[in-house]
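Q: Sharing work-v2.txt here; it has compact mmCIF, N, CA and C atoms and all ligand atoms.
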# COMPACT_ATOMS: atom_id res chain seq x y z
N MET A 1 22.76 -41.35 -35.91
CA MET A 1 22.44 -40.83 -34.58
C MET A 1 22.66 -39.31 -34.53
N ALA A 2 21.75 -38.63 -33.89
CA ALA A 2 21.88 -37.18 -33.74
C ALA A 2 21.73 -36.84 -32.25
N PHE A 3 21.90 -35.58 -31.92
CA PHE A 3 21.80 -35.16 -30.52
C PHE A 3 20.83 -33.98 -30.42
N ASP A 4 19.95 -34.03 -29.43
CA ASP A 4 19.02 -32.92 -29.24
C ASP A 4 19.69 -31.82 -28.42
N ALA A 5 18.93 -30.77 -28.11
CA ALA A 5 19.49 -29.61 -27.43
C ALA A 5 20.00 -29.94 -26.04
N ASP A 6 19.49 -31.03 -25.45
CA ASP A 6 19.94 -31.43 -24.12
C ASP A 6 21.11 -32.40 -24.18
N GLY A 7 21.55 -32.74 -25.40
CA GLY A 7 22.66 -33.66 -25.55
C GLY A 7 22.25 -35.12 -25.52
N ASN A 8 20.93 -35.36 -25.57
CA ASN A 8 20.45 -36.74 -25.61
C ASN A 8 20.60 -37.31 -27.01
N ARG A 9 20.95 -38.60 -27.08
CA ARG A 9 21.05 -39.24 -28.38
C ARG A 9 19.66 -39.54 -28.91
N VAL A 10 19.40 -39.15 -30.14
CA VAL A 10 18.12 -39.40 -30.78
C VAL A 10 18.39 -39.97 -32.17
N PRO A 11 17.44 -40.75 -32.71
CA PRO A 11 17.62 -41.28 -34.07
C PRO A 11 17.74 -40.14 -35.08
N ALA A 12 18.67 -40.28 -36.01
CA ALA A 12 18.86 -39.24 -37.02
C ALA A 12 17.67 -39.18 -37.98
N THR A 13 17.03 -40.33 -38.18
CA THR A 13 15.87 -40.38 -39.06
C THR A 13 14.81 -41.28 -38.45
N LEU A 14 13.56 -41.08 -38.86
CA LEU A 14 12.47 -41.94 -38.41
C LEU A 14 11.96 -42.74 -39.60
N LYS A 15 10.94 -43.56 -39.32
CA LYS A 15 10.38 -44.40 -40.39
C LYS A 15 9.78 -43.54 -41.49
N GLN A 16 9.84 -44.08 -42.72
CA GLN A 16 9.26 -43.38 -43.87
C GLN A 16 7.77 -43.14 -43.64
N MET A 17 7.32 -41.98 -44.09
CA MET A 17 5.92 -41.61 -43.87
C MET A 17 5.09 -41.83 -45.12
N ALA A 18 3.78 -41.60 -44.98
CA ALA A 18 2.85 -41.82 -46.09
C ALA A 18 3.19 -40.96 -47.30
N CYS A 19 3.78 -39.81 -47.08
CA CYS A 19 4.11 -38.90 -48.18
C CYS A 19 5.31 -39.39 -48.97
N GLY A 20 6.00 -40.42 -48.46
CA GLY A 20 7.17 -40.95 -49.16
C GLY A 20 8.46 -40.37 -48.65
N GLY A 21 8.35 -39.34 -47.79
CA GLY A 21 9.55 -38.72 -47.24
C GLY A 21 9.97 -39.39 -45.96
N VAL A 22 11.18 -39.09 -45.52
CA VAL A 22 11.71 -39.62 -44.28
C VAL A 22 11.94 -38.47 -43.31
N PRO A 23 11.40 -38.55 -42.09
CA PRO A 23 11.66 -37.50 -41.11
C PRO A 23 13.13 -37.49 -40.70
N VAL A 24 13.78 -36.36 -40.86
CA VAL A 24 15.19 -36.21 -40.50
C VAL A 24 15.29 -35.28 -39.30
N PHE A 25 16.11 -35.65 -38.33
CA PHE A 25 16.25 -34.82 -37.14
C PHE A 25 16.72 -33.42 -37.51
N ASP A 26 16.07 -32.42 -36.92
CA ASP A 26 16.40 -31.03 -37.22
C ASP A 26 17.53 -30.58 -36.30
N ASN A 27 18.76 -30.74 -36.78
CA ASN A 27 19.91 -30.39 -35.97
C ASN A 27 19.98 -28.89 -35.67
N GLN A 28 19.47 -28.08 -36.59
CA GLN A 28 19.53 -26.63 -36.40
C GLN A 28 18.66 -26.19 -35.24
N ALA A 29 17.46 -26.80 -35.15
CA ALA A 29 16.56 -26.45 -34.06
C ALA A 29 16.98 -27.14 -32.77
N GLY A 30 17.59 -28.32 -32.89
CA GLY A 30 17.98 -29.07 -31.71
C GLY A 30 16.89 -29.97 -31.20
N TYR A 31 15.76 -29.97 -31.85
CA TYR A 31 14.68 -30.88 -31.48
C TYR A 31 13.75 -31.05 -32.67
N GLY A 32 12.97 -32.11 -32.66
CA GLY A 32 11.97 -32.33 -33.68
C GLY A 32 12.56 -32.89 -34.96
N TYR A 33 11.66 -33.29 -35.84
CA TYR A 33 12.05 -33.87 -37.11
C TYR A 33 11.37 -33.14 -38.25
N ARG A 34 12.04 -33.15 -39.40
CA ARG A 34 11.50 -32.46 -40.56
C ARG A 34 11.53 -33.43 -41.74
N CYS A 35 10.42 -33.53 -42.46
CA CYS A 35 10.33 -34.42 -43.61
C CYS A 35 11.28 -33.95 -44.71
N ASP A 36 12.05 -34.91 -45.27
CA ASP A 36 13.02 -34.51 -46.29
C ASP A 36 12.38 -34.33 -47.65
N GLN A 37 11.08 -34.61 -47.76
CA GLN A 37 10.39 -34.45 -49.04
C GLN A 37 9.50 -33.21 -49.01
N CYS A 38 8.66 -33.08 -48.00
CA CYS A 38 7.69 -31.97 -47.96
C CYS A 38 8.03 -30.98 -46.85
N PHE A 39 9.09 -31.26 -46.07
CA PHE A 39 9.58 -30.36 -45.02
C PHE A 39 8.56 -30.11 -43.92
N ALA A 40 7.60 -31.04 -43.78
CA ALA A 40 6.66 -30.94 -42.67
C ALA A 40 7.41 -31.20 -41.37
N VAL A 41 7.07 -30.46 -40.32
CA VAL A 41 7.67 -30.69 -39.01
C VAL A 41 6.92 -31.81 -38.32
N ILE A 42 7.66 -32.79 -37.83
CA ILE A 42 7.05 -33.96 -37.22
C ILE A 42 7.04 -33.79 -35.71
N GLY A 43 5.90 -33.40 -35.15
CA GLY A 43 5.71 -33.33 -33.71
C GLY A 43 6.79 -32.52 -33.00
N SER A 44 7.02 -32.88 -31.75
CA SER A 44 8.02 -32.19 -30.94
C SER A 44 8.90 -33.22 -30.25
N VAL A 45 9.24 -34.27 -30.98
CA VAL A 45 10.09 -35.33 -30.42
C VAL A 45 11.43 -34.74 -30.00
N GLY A 46 11.81 -35.01 -28.77
CA GLY A 46 13.11 -34.54 -28.31
C GLY A 46 13.12 -33.07 -27.97
N GLN A 47 11.95 -32.52 -27.70
CA GLN A 47 11.89 -31.11 -27.32
C GLN A 47 12.73 -30.89 -26.07
N PRO A 48 13.53 -29.84 -26.04
CA PRO A 48 14.40 -29.61 -24.89
C PRO A 48 13.63 -29.62 -23.58
N ARG A 49 14.18 -30.31 -22.58
CA ARG A 49 13.50 -30.42 -21.29
C ARG A 49 13.34 -29.06 -20.64
N SER A 50 14.32 -28.18 -20.84
CA SER A 50 14.25 -26.86 -20.22
C SER A 50 13.02 -26.11 -20.70
N ARG A 51 12.67 -26.29 -21.99
CA ARG A 51 11.51 -25.58 -22.51
C ARG A 51 10.23 -26.17 -21.92
N GLN A 52 10.19 -27.50 -21.74
CA GLN A 52 9.02 -28.12 -21.15
C GLN A 52 8.83 -27.61 -19.73
N GLU A 53 9.92 -27.45 -18.99
CA GLU A 53 9.83 -26.95 -17.62
C GLU A 53 9.37 -25.50 -17.61
N MET A 54 9.82 -24.73 -18.61
CA MET A 54 9.37 -23.35 -18.72
C MET A 54 7.86 -23.30 -18.91
N ASN A 55 7.36 -24.18 -19.79
CA ASN A 55 5.91 -24.24 -20.04
C ASN A 55 5.17 -24.59 -18.76
N LYS A 56 5.73 -25.54 -18.01
CA LYS A 56 5.10 -25.98 -16.78
C LYS A 56 5.06 -24.82 -15.77
N ALA A 57 6.20 -24.13 -15.66
CA ALA A 57 6.29 -23.03 -14.70
C ALA A 57 5.34 -21.90 -15.10
N ALA A 58 5.18 -21.69 -16.41
CA ALA A 58 4.32 -20.61 -16.88
C ALA A 58 2.85 -20.93 -16.65
N SER A 59 2.51 -22.23 -16.68
CA SER A 59 1.10 -22.60 -16.59
C SER A 59 0.65 -22.83 -15.15
N SER A 60 1.59 -23.14 -14.25
CA SER A 60 1.18 -23.51 -12.89
C SER A 60 0.52 -22.37 -12.11
N PRO A 61 0.97 -21.11 -12.22
CA PRO A 61 0.29 -20.05 -11.46
C PRO A 61 -1.18 -19.92 -11.83
N SER A 62 -1.49 -19.98 -13.13
CA SER A 62 -2.88 -19.84 -13.56
C SER A 62 -3.72 -21.02 -13.09
N GLU A 63 -3.08 -22.20 -13.00
CA GLU A 63 -3.81 -23.37 -12.52
C GLU A 63 -4.21 -23.17 -11.06
N LYS A 64 -3.32 -22.54 -10.29
CA LYS A 64 -3.62 -22.30 -8.87
C LYS A 64 -4.76 -21.28 -8.73
N GLU A 65 -4.78 -20.31 -9.63
CA GLU A 65 -5.84 -19.31 -9.59
C GLU A 65 -7.20 -19.93 -9.84
N LEU A 66 -7.21 -20.95 -10.68
CA LEU A 66 -8.47 -21.66 -10.96
C LEU A 66 -8.83 -22.49 -9.74
ZN ZN A 101 6.60 -35.43 -46.14
Any chance you could put this one into structure tokens?
Ligand SMILES: [Zn+2]
A:
Amino acid sequence: MAFDADGNRVPATLKQMACGGVPVFDNQAGYGYRCDQCFAVIGSVGQPRSRQEMNKAASSPSEKEL
């Protein structure tokens, strides 16, 4: 078990991928997973909620302009 930037419990590893590697939670970044074989970043699982809200706040003014 690992913890994301918001302190939520997340799986330390995910299922093995086609490349043969296992996605391991990126504790340094605080979100997302990184393949232990090819170091590919796996999506944005566990992305900090604060950052998602920032994205929302940044995009909403332009949406209103449209
Ligand atoms: Zn891989």
Q: For ligand ZN 101 (chain A), list the contacting residues at 12 Å or closer, counting only C-alpha atoms and all ligand atoms, as a PyMOL selection string.
A: chain A and resi 14-24+33-42
Q: Enter the distance from atom CA of Ala29 of chain A to atom C of Thr13 of chain A, in Å, rounded to one decimal.
A: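 These atoms are spaced 15.6 Å apart.
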Q: May I ask for the distance between atom CA of Arg9 of chain A and atom N of Gln28 of chain A, given in Å to one decimal place?
A: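 Atom CA of Arg9 of chain A sits 13.9 Å away from atom N of Gln28 of chain A.
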Q: Name all residues at most 9 Å from Asn27 of chain A (count only C-alpha atoms; drop same-chain ones fewer than 2 positions away) and give them as an MDAnalysis selection string.
A: chainID A and resid 2:5 12 24:25 29:33
